[in-house]
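Take a look at the structure below.
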Amino acid sequence: MAGIYIHIPFCKQACFYCDFHFSTNMVIKNEMVDAICKEIEIQKDYLKGEVVESVYFGGGTPSLLDPNQIQKILSTLNEFHTISNTSEITFEANPDDIKPEKLKILYDLGINRLSVGIQSFNEEILKWMNRAHNSAEAFQSLKWIKESDFSNYSLDLIYGIPIASHEIWAEDLRRLVAFEPPHISSYCLTIEPNTVFGRWQQKGKLDEASEDYAAEQFQYLTAYLKKHNYEHYEVSNFAKKGFRSQHNSSYWQQKAYLGLGPSAHSFNGINRQFNINNNAKYLRAIKLGQLPAEMDILNNEDRINEYIMTSLRTIEGCSLDYLSQEHDYDLMKNAKPQIQQWIGLKLCTLQNNYLKLTTKGRLLADKLASDLFVVN
């Protein structure tokens with residue numbers, strides 16, 4: 001089973017923290033949709049005929065698409081791929097784009113899961129981040145979702161915001177959980193160089209929240225959501241029983257996925273593919289029937305490192321048996337002192353030959369994983 005990701009590279013305005021690829025030029029929306037449909041045809045063999053179990057419209061802001069544009073992409077996908085009858089089809093949306101009639105249209109088109117970027121309910125913080133929606137729109141959008149046919153949806157929150165006190169963070173969580181969403185994703189604010197916040201930081205106008213401050217908010221997040229019966233199944237993701245994200249889980253489980261649109265990535269177990277992150281160059285290449293992408297062929301060491309990186313982020317953890325059987329690699333033999341040190345520091349546990357990070361260890365997931373990497 002495989003997944004398909006579609007990058008819709010348009011936004012109304014730039015959030016000050018975002019370094020994803022997007023444009024505010026809506027004039028080329030139809031041209032971009034046509035190009036994505038053409039890329040579906042060009043890349044029709046990338047997944048080698050695997051049945052598709054998840055489709056994810058990300059961005060950017062997919063909720064800026066018109067119904068006919070969404071329908072065209074879905075129809076083209078069905079023409080060139082076998083989409084499972086039980087597939088999860090996720091659509092990212094901003095609160096200001098959500099209206100009852102829009103929800104009905106999406107549901108009738110076959111979208112069965114929403115991912116909504118709330119980020120915060122605090123008016124001051126939303127303005128500071130330059131979000132396109134306000135607090136009232138955030139609340140209203142969730143009320144409309146609760147009244148719609150959608151039973152599967154995810155809400156996003158950001159923590160580690162330097163101007164947000166612990167009290168504001170606790171209130172954001174309380175308000176979010178009051179809506180009883182089936183799934184919650186929460187990410188720590190990071191300051192990326194090529195963003196407004198990055199430029200503020202370079203000029204000394206913005207200081208990133210300290211690691212300890214962000215860690216305190218993460219620990220509060222995990223404890224609060226556990227209390228409300230959310231499974232912390234991946235570092236940044238929490239779900240009610242039966243509502244894990246199929247699509248995101250495919251990334252962590254090393255399943256194949258095809259990425260469509262400018263800046264999208266693909267993975268089929270053999271190589272990784274990276275589409276160009278330039279709308280004009282992407283459109284020109286697709287018109288010529290060319291794929292504007294670079295490709296990395298993965299060797300065994302690359303696949304070992306990818307598995308360690310992704311599996312350690314999950315509740316299941318990293319299987320030492322899998323590494324041995326699939327990649328002929330003995331992790332304990334090569335990293336025993338490091339792992340024993342982490343166990344002593346209560347950063348991880350070793351149970352039934354699965355290396356699993358504790359809540360404390362999840363704060364350092366990427367760092368701990370990189371320390372276990374095989375050097376090519």
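Chains: A, B, ... in order of the structure tokens. Residues: from 1 per chain. Ligands: from 1, in order shown.
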* Pull the strand (DSSP E or B) assignments for region 8-94 of chain A out of DSSP run on the backbone, and list those residues as an MDAnalysis selection string. => chainID A and resid 8 10 23 52:59 83:93
* For Phe150 (chain A), please output as JSON, numbers by chain all residues within 8 Å (counting only C-alpha atoms; exclusion window: fewer than 2 positions along the same chain). => {"A": [107, 112, 113, 114, 145, 146, 148, 152, 153]}
Export N, CA and C atoms of the chosen residues as a compact mmCIF listing (two decimals), in the first residue's frame?
# COMPACT_ATOMS: atom_id res chain seq x y z
N TYR A 107 -16.71 17.08 1.22
CA TYR A 107 -17.16 15.73 1.61
C TYR A 107 -17.78 15.01 0.41
N ASN A 112 -12.33 12.74 3.00
CA ASN A 112 -12.89 12.17 4.22
C ASN A 112 -12.11 12.51 5.49
N ARG A 113 -11.12 13.39 5.35
CA ARG A 113 -10.36 13.82 6.52
C ARG A 113 -9.87 15.25 6.29
N LEU A 114 -9.95 16.07 7.32
CA LEU A 114 -9.47 17.45 7.25
C LEU A 114 -8.26 17.61 8.17
N ILE A 145 -17.26 22.40 11.58
CA ILE A 145 -16.77 21.04 11.33
C ILE A 145 -17.54 20.04 12.18
N LYS A 146 -17.76 20.38 13.44
CA LYS A 146 -18.50 19.49 14.35
C LYS A 146 -19.92 19.24 13.84
N SER A 148 -20.74 19.19 10.63
CA SER A 148 -20.66 18.65 9.27
C SER A 148 -20.63 17.12 9.29
N ASN A 152 -13.62 12.61 10.90
CA ASN A 152 -12.17 12.42 11.00
C ASN A 152 -11.48 13.72 10.61
N TYR A 153 -10.83 14.34 11.57
CA TYR A 153 -10.11 15.58 11.28
C TYR A 153 -9.00 15.79 12.31
* Check the DSSP output for the backbone and give back, as an MDAnalysis selection string, the residues of region 36-74 of chain A in alpha helix (DSSP H). => chainID A and resid 36:42 67:74
Could you give me, as a PDB file with all heavy atoms, in the first residue's frame, the residues within 9 Å of Glu79 (chain A), counting only C-alpha atoms and dropping anything in the same chain fewer than 4 positions from it?
ATOM      1  N   GLU A  41       0.288  11.832 -14.714  1.00  0.00           N
ATOM      2  CA  GLU A  41       0.487  10.936 -15.858  1.00  0.00           C
ATOM      3  C   GLU A  41       1.965  10.613 -16.055  1.00  0.00           C
ATOM      4  O   GLU A  41       2.337   9.447 -16.266  1.00  0.00           O
ATOM      5  CB  GLU A  41      -0.077  11.580 -17.125  1.00  0.00           C
ATOM      6  CG  GLU A  41       0.065  10.705 -18.361  1.00  0.00           C
ATOM      7  CD  GLU A  41      -0.512  11.353 -19.610  1.00  0.00           C
ATOM      8  OE1 GLU A  41      -1.016  12.493 -19.522  1.00  0.00           O
ATOM      9  OE2 GLU A  41      -0.446  10.717 -20.680  1.00  0.00           O
ATOM     10  N   LEU A  74      -8.518  14.767  -8.377  1.00  0.00           N
ATOM     11  CA  LEU A  74      -8.983  13.460  -7.900  1.00  0.00           C
ATOM     12  C   LEU A  74      -9.314  12.526  -9.061  1.00  0.00           C
ATOM     13  O   LEU A  74      -8.981  11.336  -9.036  1.00  0.00           O
ATOM     14  CB  LEU A  74     -10.199  13.635  -6.998  1.00  0.00           C
ATOM     15  CG  LEU A  74      -9.935  14.242  -5.611  1.00  0.00           C
ATOM     16  CD1 LEU A  74     -11.251  14.573  -4.910  1.00  0.00           C
ATOM     17  CD2 LEU A  74      -9.097  13.303  -4.751  1.00  0.00           C
ATOM     18  N   SER A  75      -9.948  13.063 -10.088  1.00  0.00           N
ATOM     19  CA  SER A  75     -10.304  12.248 -11.258  1.00  0.00           C
ATOM     20  C   SER A  75      -9.057  11.736 -11.973  1.00  0.00           C
ATOM     21  O   SER A  75      -8.998  10.574 -12.410  1.00  0.00           O
ATOM     22  CB  SER A  75     -11.160  13.054 -12.243  1.00  0.00           C
ATOM     23  OG  SER A  75     -12.393  13.408 -11.658  1.00  0.00           O
TER      24      SER A  75
END
* **Surrounding residues of Trp144 (chain A) excluding itself and chain neighbours under 2 positions, 12 Å, only C-alpha atoms, as a ChimeraX atom specification** => /A:95-104,137-142,146-151,179
Store the residues of this selection in a file with N, CA, C and O atoms, as a PDB file, in the first residue's frame.
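Output (result-v6.pdb):
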ATOM      1  N   PRO A  95      -8.697  27.986   8.800  1.00  0.00           N
ATOM      2  CA  PRO A  95     -10.010  28.290   9.389  1.00  0.00           C
ATOM      3  C   PRO A  95     -10.825  29.305   8.599  1.00  0.00           C
ATOM      4  O   PRO A  95     -12.049  29.172   8.493  1.00  0.00           O
ATOM      5  N   ASP A  96     -10.160  30.309   8.025  1.00  0.00           N
ATOM      6  CA  ASP A  96     -10.894  31.352   7.300  1.00  0.00           C
ATOM      7  C   ASP A  96     -11.491  30.861   5.982  1.00  0.00           C
ATOM      8  O   ASP A  96     -12.347  31.543   5.396  1.00  0.00           O
ATOM      9  N   ASP A  97     -11.068  29.695   5.508  1.00  0.00           N
ATOM     10  CA  ASP A  97     -11.628  29.133   4.277  1.00  0.00           C
ATOM     11  C   ASP A  97     -12.778  28.164   4.549  1.00  0.00           C
ATOM     12  O   ASP A  97     -13.421  27.687   3.613  1.00  0.00           O
ATOM     13  N   ILE A  98     -13.004  27.847   5.815  1.00  0.00           N
ATOM     14  CA  ILE A  98     -14.003  26.837   6.162  1.00  0.00           C
ATOM     15  C   ILE A  98     -15.377  27.476   6.348  1.00  0.00           C
ATOM     16  O   ILE A  98     -15.556  28.343   7.205  1.00  0.00           O
ATOM     17  N   LYS A  99     -16.314  27.019   5.516  1.00  0.00           N
ATOM     18  CA  LYS A  99     -17.707  27.428   5.606  1.00  0.00           C
ATOM     19  C   LYS A  99     -18.560  26.165   5.451  1.00  0.00           C
ATOM     20  O   LYS A  99     -18.100  25.184   4.858  1.00  0.00           O
ATOM     21  N   PRO A 100     -19.790  26.157   5.948  1.00  0.00           N
ATOM     22  CA  PRO A 100     -20.623  24.947   5.836  1.00  0.00           C
ATOM     23  C   PRO A 100     -20.752  24.428   4.408  1.00  0.00           C
ATOM     24  O   PRO A 100     -20.653  23.214   4.169  1.00  0.00           O
ATOM     25  N   GLU A 101     -20.944  25.355   3.438  1.00  0.00           N
ATOM     26  CA  GLU A 101     -21.100  24.915   2.057  1.00  0.00           C
ATOM     27  C   GLU A 101     -19.797  24.321   1.509  1.00  0.00           C
ATOM     28  O   GLU A 101     -19.816  23.375   0.710  1.00  0.00           O
ATOM     29  N   LYS A 102     -18.656  24.867   1.936  1.00  0.00           N
ATOM     30  CA  LYS A 102     -17.351  24.346   1.492  1.00  0.00           C
ATOM     31  C   LYS A 102     -17.132  22.936   2.060  1.00  0.00           C
ATOM     32  O   LYS A 102     -16.639  22.039   1.363  1.00  0.00           O
ATOM     33  N   LEU A 103     -17.496  22.733   3.300  1.00  0.00           N
ATOM     34  CA  LEU A 103     -17.355  21.422   3.930  1.00  0.00           C
ATOM     35  C   LEU A 103     -18.196  20.376   3.206  1.00  0.00           C
ATOM     36  O   LEU A 103     -17.751  19.250   2.978  1.00  0.00           O
ATOM     37  N   LYS A 104     -19.402  20.740   2.844  1.00  0.00           N
ATOM     38  CA  LYS A 104     -20.271  19.796   2.134  1.00  0.00           C
ATOM     39  C   LYS A 104     -19.684  19.437   0.775  1.00  0.00           C
ATOM     40  O   LYS A 104     -19.697  18.260   0.363  1.00  0.00           O
ATOM     41  N   GLU A 137     -12.672  33.303  13.870  1.00  0.00           N
ATOM     42  CA  GLU A 137     -12.777  32.388  12.730  1.00  0.00           C
ATOM     43  C   GLU A 137     -12.320  30.985  13.109  1.00  0.00           C
ATOM     44  O   GLU A 137     -12.867  29.982  12.621  1.00  0.00           O
ATOM     45  N   ALA A 138     -11.316  30.891  13.982  1.00  0.00           N
ATOM     46  CA  ALA A 138     -10.850  29.583  14.439  1.00  0.00           C
ATOM     47  C   ALA A 138     -11.975  28.846  15.171  1.00  0.00           C
ATOM     48  O   ALA A 138     -12.261  27.674  14.895  1.00  0.00           O
ATOM     49  N   PHE A 139     -12.611  29.521  16.119  1.00  0.00           N
ATOM     50  CA  PHE A 139     -13.707  28.906  16.865  1.00  0.00           C
ATOM     51  C   PHE A 139     -14.875  28.544  15.955  1.00  0.00           C
ATOM     52  O   PHE A 139     -15.427  27.446  16.045  1.00  0.00           O
ATOM     53  N   GLN A 140     -15.240  29.455  15.069  1.00  0.00           N
ATOM     54  CA  GLN A 140     -16.382  29.214  14.192  1.00  0.00           C
ATOM     55  C   GLN A 140     -16.138  28.046  13.250  1.00  0.00           C
ATOM     56  O   GLN A 140     -17.027  27.219  13.007  1.00  0.00           O
ATOM     57  N   SER A 141     -14.911  27.952  12.722  1.00  0.00           N
ATOM     58  CA  SER A 141     -14.603  26.857  11.791  1.00  0.00           C
ATOM     59  C   SER A 141     -14.754  25.502  12.473  1.00  0.00           C
ATOM     60  O   SER A 141     -15.255  24.549  11.871  1.00  0.00           O
ATOM     61  N   LEU A 142     -14.352  25.411  13.735  1.00  0.00           N
ATOM     62  CA  LEU A 142     -14.451  24.139  14.452  1.00  0.00           C
ATOM     63  C   LEU A 142     -15.903  23.796  14.769  1.00  0.00           C
ATOM     64  O   LEU A 142     -16.293  22.620  14.737  1.00  0.00           O
ATOM     65  N   LYS A 146     -17.758  20.383  13.440  1.00  0.00           N
ATOM     66  CA  LYS A 146     -18.499  19.493  14.354  1.00  0.00           C
ATOM     67  C   LYS A 146     -19.918  19.236  13.843  1.00  0.00           C
ATOM     68  O   LYS A 146     -20.492  18.168  14.086  1.00  0.00           O
ATOM     69  N   GLU A 147     -20.486  20.201  13.132  1.00  0.00           N
ATOM     70  CA  GLU A 147     -21.852  20.073  12.619  1.00  0.00           C
ATOM     71  C   GLU A 147     -21.891  19.429  11.233  1.00  0.00           C
ATOM     72  O   GLU A 147     -22.976  19.150  10.716  1.00  0.00           O
ATOM     73  N   SER A 148     -20.736  19.186  10.633  1.00  0.00           N
ATOM     74  CA  SER A 148     -20.662  18.646   9.273  1.00  0.00           C
ATOM     75  C   SER A 148     -20.633  17.121   9.289  1.00  0.00           C
ATOM     76  O   SER A 148     -20.746  16.482  10.331  1.00  0.00           O
ATOM     77  N   ASP A 149     -20.464  16.539   8.095  1.00  0.00           N
ATOM     78  CA  ASP A 149     -20.372  15.079   7.973  1.00  0.00           C
ATOM     79  C   ASP A 149     -18.986  14.541   8.315  1.00  0.00           C
ATOM     80  O   ASP A 149     -18.792  13.323   8.352  1.00  0.00           O
ATOM     81  N   PHE A 150     -18.036  15.433   8.551  1.00  0.00           N
ATOM     82  CA  PHE A 150     -16.670  14.980   8.830  1.00  0.00           C
ATOM     83  C   PHE A 150     -16.555  14.465  10.266  1.00  0.00           C
ATOM     84  O   PHE A 150     -16.801  15.201  11.229  1.00  0.00           O
ATOM     85  N   SER A 151     -16.164  13.206  10.400  1.00  0.00           N
ATOM     86  CA  SER A 151     -15.909  12.632  11.723  1.00  0.00           C
ATOM     87  C   SER A 151     -14.419  12.445  11.970  1.00  0.00           C
ATOM     88  O   SER A 151     -13.987  12.163  13.083  1.00  0.00           O
ATOM     89  N   PHE A 179     -13.129  20.782  21.939  1.00  0.00           N
ATOM     90  CA  PHE A 179     -13.821  20.394  20.710  1.00  0.00           C
ATOM     91  C   PHE A 179     -13.713  18.891  20.439  1.00  0.00           C
ATOM     92  O   PHE A 179     -14.297  18.390  19.474  1.00  0.00           O
TER      93      PHE A 179
END
* Exercise: region 183-191 of chain A partners within 10 Å, only C-alpha atoms, chain neighbours under 3 positions left out, as a VMD selection string -> chain A and resid 16 to 19 114 to 117 119 152 to 162 176 to 177 180 194 to 201 206 to 209 214 to 215 217 to 218 221 to 222 225 230 to 232 234 to 245
Output C-alpha atoms for every residue in the selection just made, as a JSON list (two decimals), in the first residue's frame.
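The result, stored in again-v7.json:
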[["chain", "number", "residue", "atom", "x", "y", "z"],
["A", 16, "PHE", "CA", 6.09, 34.76, 9.41],
["A", 17, "TYR", "CA", 7.41, 31.35, 10.56],
["A", 18, "CYS", "CA", 6.76, 29.32, 7.40],
["A", 19, "ASP", "CA", 9.53, 28.15, 5.05],
["A", 114, "LEU", "CA", -9.47, 17.45, 7.25],
["A", 115, "SER", "CA", -6.28, 18.93, 8.66],
["A", 116, "VAL", "CA", -6.90, 22.41, 10.03],
["A", 117, "GLY", "CA", -4.14, 24.88, 10.93],
["A", 119, "GLN", "CA", -1.94, 27.19, 15.54],
["A", 152, "ASN", "CA", -12.17, 12.42, 11.00],
["A", 153, "TYR", "CA", -10.11, 15.58, 11.28],
["A", 154, "SER", "CA", -6.86, 16.87, 12.77],
["A", 155, "LEU", "CA", -6.13, 20.22, 14.39],
["A", 156, "ASP", "CA", -2.67, 21.86, 14.56],
["A", 157, "LEU", "CA", -1.22, 23.89, 17.43],
["A", 158, "ILE", "CA", 2.21, 25.50, 17.78],
["A", 159, "TYR", "CA", 4.12, 25.59, 21.07],
["A", 160, "GLY", "CA", 7.44, 27.15, 22.04],
["A", 161, "ILE", "CA", 6.25, 30.61, 20.95],
["A", 162, "PRO", "CA", 8.52, 33.17, 22.68],
["A", 176, "LEU", "CA", -8.66, 22.79, 21.48],
["A", 177, "VAL", "CA", -9.45, 19.67, 23.50],
["A", 180, "GLU", "CA", -12.76, 16.73, 21.14],
["A", 194, "ASN", "CA", 14.48, 32.32, 4.97],
["A", 195, "THR", "CA", 11.43, 33.56, 6.84],
["A", 196, "VAL", "CA", 10.31, 36.88, 8.33],
["A", 197, "PHE", "CA", 11.10, 35.54, 11.80],
["A", 198, "GLY", "CA", 14.51, 34.43, 10.54],
["A", 199, "ARG", "CA", 15.26, 37.95, 9.32],
["A", 200, "TRP", "CA", 14.02, 39.42, 12.60],
["A", 201, "GLN", "CA", 16.34, 37.09, 14.47],
["A", 206, "LEU", "CA", 13.53, 38.22, 17.89],
["A", 207, "ASP", "CA", 14.86, 35.62, 20.28],
["A", 208, "GLU", "CA", 13.80, 31.99, 19.92],
["A", 209, "ALA", "CA", 12.22, 30.40, 22.99],
["A", 214, "ALA", "CA", 9.84, 24.72, 24.88],
["A", 215, "ALA", "CA", 10.50, 21.47, 26.76],
["A", 217, "GLN", "CA", 5.40, 23.23, 27.12],
["A", 218, "PHE", "CA", 5.99, 19.90, 25.36],
["A", 221, "LEU", "CA", 1.22, 18.96, 26.12],
["A", 222, "THR", "CA", 1.96, 15.25, 26.44],
["A", 225, "LEU", "CA", -3.39, 14.97, 26.09],
["A", 230, "TYR", "CA", -4.99, 10.77, 23.26],
["A", 231, "GLU", "CA", -2.34, 8.27, 22.18],
["A", 232, "HIS", "CA", 1.05, 9.94, 21.68],
["A", 234, "GLU", "CA", 4.57, 9.98, 17.12],
["A", 235, "VAL", "CA", 6.66, 12.85, 18.48],
["A", 236, "SER", "CA", 4.31, 15.56, 17.16],
["A", 237, "ASN", "CA", 1.10, 13.57, 16.75],
["A", 238, "PHE", "CA", -1.69, 12.47, 19.08],
["A", 239, "ALA", "CA", -4.82, 10.49, 18.25],
["A", 240, "LYS", "CA", -7.98, 9.06, 19.75],
["A", 241, "LYS", "CA", -8.26, 5.29, 19.27],
["A", 242, "GLY", "CA", -8.65, 4.45, 15.57],
["A", 243, "PHE", "CA", -7.73, 7.93, 14.32],
["A", 244, "ARG", "CA", -4.02, 7.79, 13.61],
["A", 245, "SER", "CA", -3.10, 9.50, 10.34]]
Counting only C-alpha atoms, which residues in region 194-299 of chain A sit no more than 9 Å from region 6-11 of chain A? For each one, give the nearest pair of atoms and the distance in Å, sorted by chain then residue number, as CSV.
residue,atom,partner,partner_atom,distance
A:Leu258,CA,A:Ile6,CA,8.4
A:Gly259,CA,A:Ile6,CA,5.9
A:Leu260,CA,A:Ile6,CA,4.8
A:Gly261,CA,A:His7,CA,5.0
A:Pro262,CA,A:His7,CA,6.7
A:Ser263,CA,A:His7,CA,7.4
A:Ala264,CA,A:His7,CA,6.0
A:Asn279,CA,A:Pro9,CA,7.9
Just to be explicit: take each residue in the selection above, keep N, CA and C atoms, and write the result as a CSV table (one decimal), in the first residue's frame.
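Everything below was put into result10.csv:
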chain,number,residue,atom,x,y,z
A,258,LEU,N,4.3,8.9,-3.4
A,258,LEU,CA,4.6,9.8,-4.6
A,258,LEU,C,4.2,11.2,-4.2
A,259,GLY,N,5.1,12.1,-4.4
A,259,GLY,CA,4.9,13.5,-4.2
A,259,GLY,C,4.7,14.3,-5.5
A,260,LEU,N,3.6,15.0,-5.6
A,260,LEU,CA,3.2,15.8,-6.8
A,260,LEU,C,3.2,17.2,-6.6
A,261,GLY,N,3.6,18.0,-7.6
A,261,GLY,CA,3.6,19.5,-7.4
A,261,GLY,C,5.0,20.0,-7.1
A,262,PRO,N,5.2,21.3,-7.2
A,262,PRO,CA,6.5,21.9,-6.9
A,262,PRO,C,6.9,21.7,-5.5
A,263,SER,N,8.1,21.3,-5.3
A,263,SER,CA,8.8,21.1,-4.0
A,263,SER,C,8.4,19.7,-3.3
A,264,ALA,N,7.5,19.0,-3.9
A,264,ALA,CA,7.1,17.7,-3.4
A,264,ALA,C,8.2,16.6,-3.4
A,279,ASN,N,7.8,27.6,-9.0
A,279,ASN,CA,6.6,27.4,-9.8
A,279,ASN,C,6.8,27.6,-11.3
* To do: For region 49-66 of chain A, work out the shell of residues within 6 Å, counting only C-alpha atoms and skipping chain neighbours fewer than 4 positions away, then give it as number ranges by chain.
  => A: 1-11, 22, 82-84, 87-93, 247
Selected residues, N, CA, C and O atoms, written as a PDB file, in the first residue's frame, please.
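Contents of part-v6.pdb, as written:
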ATOM      1  N   MET A   1       0.846  -1.189   0.000  1.00  0.00           N
ATOM      2  CA  MET A   1       0.000   0.000   0.000  1.00  0.00           C
ATOM      3  C   MET A   1       0.885   1.244   0.000  1.00  0.00           C
ATOM      4  O   MET A   1       1.901   1.299   0.694  1.00  0.00           O
ATOM      5  N   ALA A   2       0.478   2.241  -0.757  1.00  0.00           N
ATOM      6  CA  ALA A   2       1.299   3.444  -0.921  1.00  0.00           C
ATOM      7  C   ALA A   2       0.474   4.696  -0.647  1.00  0.00           C
ATOM      8  O   ALA A   2      -0.742   4.640  -0.463  1.00  0.00           O
ATOM      9  N   GLY A   3       1.164   5.831  -0.616  1.00  0.00           N
ATOM     10  CA  GLY A   3       0.505   7.110  -0.397  1.00  0.00           C
ATOM     11  C   GLY A   3       0.838   8.095  -1.504  1.00  0.00           C
ATOM     12  O   GLY A   3       1.846   7.936  -2.212  1.00  0.00           O
ATOM     13  N   ILE A   4      -0.007   9.104  -1.661  1.00  0.00           N
ATOM     14  CA  ILE A   4       0.240  10.170  -2.627  1.00  0.00           C
ATOM     15  C   ILE A   4       0.071  11.514  -1.924  1.00  0.00           C
ATOM     16  O   ILE A   4      -0.934  11.747  -1.243  1.00  0.00           O
ATOM     17  N   TYR A   5       1.072  12.375  -2.080  1.00  0.00           N
ATOM     18  CA  TYR A   5       1.026  13.724  -1.514  1.00  0.00           C
ATOM     19  C   TYR A   5       0.954  14.718  -2.661  1.00  0.00           C
ATOM     20  O   TYR A   5       1.707  14.608  -3.641  1.00  0.00           O
ATOM     21  N   ILE A   6       0.053  15.702  -2.547  1.00  0.00           N
ATOM     22  CA  ILE A   6      -0.104  16.727  -3.582  1.00  0.00           C
ATOM     23  C   ILE A   6       0.160  18.082  -2.950  1.00  0.00           C
ATOM     24  O   ILE A   6      -0.554  18.496  -2.026  1.00  0.00           O
ATOM     25  N   HIS A   7       1.188  18.774  -3.440  1.00  0.00           N
ATOM     26  CA  HIS A   7       1.541  20.078  -2.880  1.00  0.00           C
ATOM     27  C   HIS A   7       0.848  21.186  -3.666  1.00  0.00           C
ATOM     28  O   HIS A   7       1.085  21.357  -4.863  1.00  0.00           O
ATOM     29  N   ILE A   8      -0.014  21.926  -2.983  1.00  0.00           N
ATOM     30  CA  ILE A   8      -0.718  23.063  -3.591  1.00  0.00           C
ATOM     31  C   ILE A   8       0.021  24.333  -3.163  1.00  0.00           C
ATOM     32  O   ILE A   8      -0.092  24.775  -2.018  1.00  0.00           O
ATOM     33  N   PRO A   9       0.794  24.948  -4.067  1.00  0.00           N
ATOM     34  CA  PRO A   9       1.747  25.993  -3.670  1.00  0.00           C
ATOM     35  C   PRO A   9       1.179  27.415  -3.661  1.00  0.00           C
ATOM     36  O   PRO A   9       1.749  28.331  -4.254  1.00  0.00           O
ATOM     37  N   PHE A  10       0.054  27.606  -2.982  1.00  0.00           N
ATOM     38  CA  PHE A  10      -0.562  28.936  -2.922  1.00  0.00           C
ATOM     39  C   PHE A  10      -0.998  29.270  -1.500  1.00  0.00           C
ATOM     40  O   PHE A  10      -1.484  28.395  -0.780  1.00  0.00           O
ATOM     41  N   CYS A  11      -0.820  30.528  -1.118  1.00  0.00           N
ATOM     42  CA  CYS A  11      -1.303  31.035   0.165  1.00  0.00           C
ATOM     43  C   CYS A  11      -1.809  32.462  -0.026  1.00  0.00           C
ATOM     44  O   CYS A  11      -1.331  33.178  -0.904  1.00  0.00           O
ATOM     45  N   PHE A  22       5.584  28.243  -1.393  1.00  0.00           N
ATOM     46  CA  PHE A  22       4.271  28.731  -1.787  1.00  0.00           C
ATOM     47  C   PHE A  22       4.429  30.053  -2.547  1.00  0.00           C
ATOM     48  O   PHE A  22       5.490  30.669  -2.556  1.00  0.00           O
ATOM     49  N   THR A  82      -4.721   3.047  -8.691  1.00  0.00           N
ATOM     50  CA  THR A  82      -5.802   2.316  -8.016  1.00  0.00           C
ATOM     51  C   THR A  82      -5.901   2.834  -6.591  1.00  0.00           C
ATOM     52  O   THR A  82      -5.023   2.586  -5.768  1.00  0.00           O
ATOM     53  N   ILE A  83      -6.967   3.572  -6.316  1.00  0.00           N
ATOM     54  CA  ILE A  83      -7.178   4.138  -4.984  1.00  0.00           C
ATOM     55  C   ILE A  83      -8.063   3.180  -4.192  1.00  0.00           C
ATOM     56  O   ILE A  83      -9.158   2.813  -4.630  1.00  0.00           O
ATOM     57  N   SER A  84      -7.612   2.752  -3.030  1.00  0.00           N
ATOM     58  CA  SER A  84      -8.367   1.820  -2.197  1.00  0.00           C
ATOM     59  C   SER A  84      -9.728   2.399  -1.814  1.00  0.00           C
ATOM     60  O   SER A  84      -9.873   3.614  -1.610  1.00  0.00           O
ATOM     61  N   SER A  87      -9.445   4.209   1.405  1.00  0.00           N
ATOM     62  CA  SER A  87      -8.333   5.159   1.485  1.00  0.00           C
ATOM     63  C   SER A  87      -8.698   6.383   2.315  1.00  0.00           C
ATOM     64  O   SER A  87      -9.852   6.815   2.365  1.00  0.00           O
ATOM     65  N   GLU A  88      -7.693   6.913   2.976  1.00  0.00           N
ATOM     66  CA  GLU A  88      -7.825   8.162   3.729  1.00  0.00           C
ATOM     67  C   GLU A  88      -7.444   9.298   2.783  1.00  0.00           C
ATOM     68  O   GLU A  88      -6.339   9.319   2.253  1.00  0.00           O
ATOM     69  N   ILE A  89      -8.355  10.238   2.578  1.00  0.00           N
ATOM     70  CA  ILE A  89      -8.087  11.372   1.683  1.00  0.00           C
ATOM     71  C   ILE A  89      -8.165  12.645   2.509  1.00  0.00           C
ATOM     72  O   ILE A  89      -9.253  13.087   2.902  1.00  0.00           O
ATOM     73  N   THR A  90      -6.983  13.213   2.812  1.00  0.00           N
ATOM     74  CA  THR A  90      -6.873  14.353   3.719  1.00  0.00           C
ATOM     75  C   THR A  90      -6.738  15.653   2.940  1.00  0.00           C
ATOM     76  O   THR A  90      -6.053  15.711   1.915  1.00  0.00           O
ATOM     77  N   PHE A  91      -7.353  16.681   3.470  1.00  0.00           N
ATOM     78  CA  PHE A  91      -7.332  17.992   2.826  1.00  0.00           C
ATOM     79  C   PHE A  91      -6.989  19.043   3.872  1.00  0.00           C
ATOM     80  O   PHE A  91      -7.720  19.213   4.850  1.00  0.00           O
ATOM     81  N   GLU A  92      -5.839  19.727   3.693  1.00  0.00           N
ATOM     82  CA  GLU A  92      -5.464  20.798   4.610  1.00  0.00           C
ATOM     83  C   GLU A  92      -6.317  22.032   4.340  1.00  0.00           C
ATOM     84  O   GLU A  92      -6.582  22.377   3.184  1.00  0.00           O
ATOM     85  N   ALA A  93      -6.715  22.703   5.417  1.00  0.00           N
ATOM     86  CA  ALA A  93      -7.549  23.898   5.270  1.00  0.00           C
ATOM     87  C   ALA A  93      -7.224  24.904   6.356  1.00  0.00           C
ATOM     88  O   ALA A  93      -6.892  24.519   7.493  1.00  0.00           O
ATOM     89  N   HIS A 247      -1.783   8.515   6.337  1.00  0.00           N
ATOM     90  CA  HIS A 247      -0.793   9.059   5.408  1.00  0.00           C
ATOM     91  C   HIS A 247       0.536   9.343   6.110  1.00  0.00           C
ATOM     92  O   HIS A 247       1.596   8.899   5.656  1.00  0.00           O
TER      93      HIS A 247
END
* Asked: Out of A:Val374, A:Ile70, A:Val33, A:Leu368, which residue has the shortest atom-to-atom distance to Glu301 (chain A) when counting only C-alpha atoms?
  ->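 Nearest to Glu301 (chain A): A:Val374.
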* Asked: From the set A:Leu350, A:Asn300, A:Gln43, A:Ala132, which residue has the shortest atom-to-atom contact distance to Gln273 (chain A), counting only C-alpha atoms?
  ->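 Closest candidate: A:Gln43.
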* To do: Can you work out which one of A:Ala14, A:Lys38, A:Asn25, A:Glu167 has the shortest atom-to-atom distance to Lys287 (chain A), counting only C-alpha atoms?
  => A:Lys38
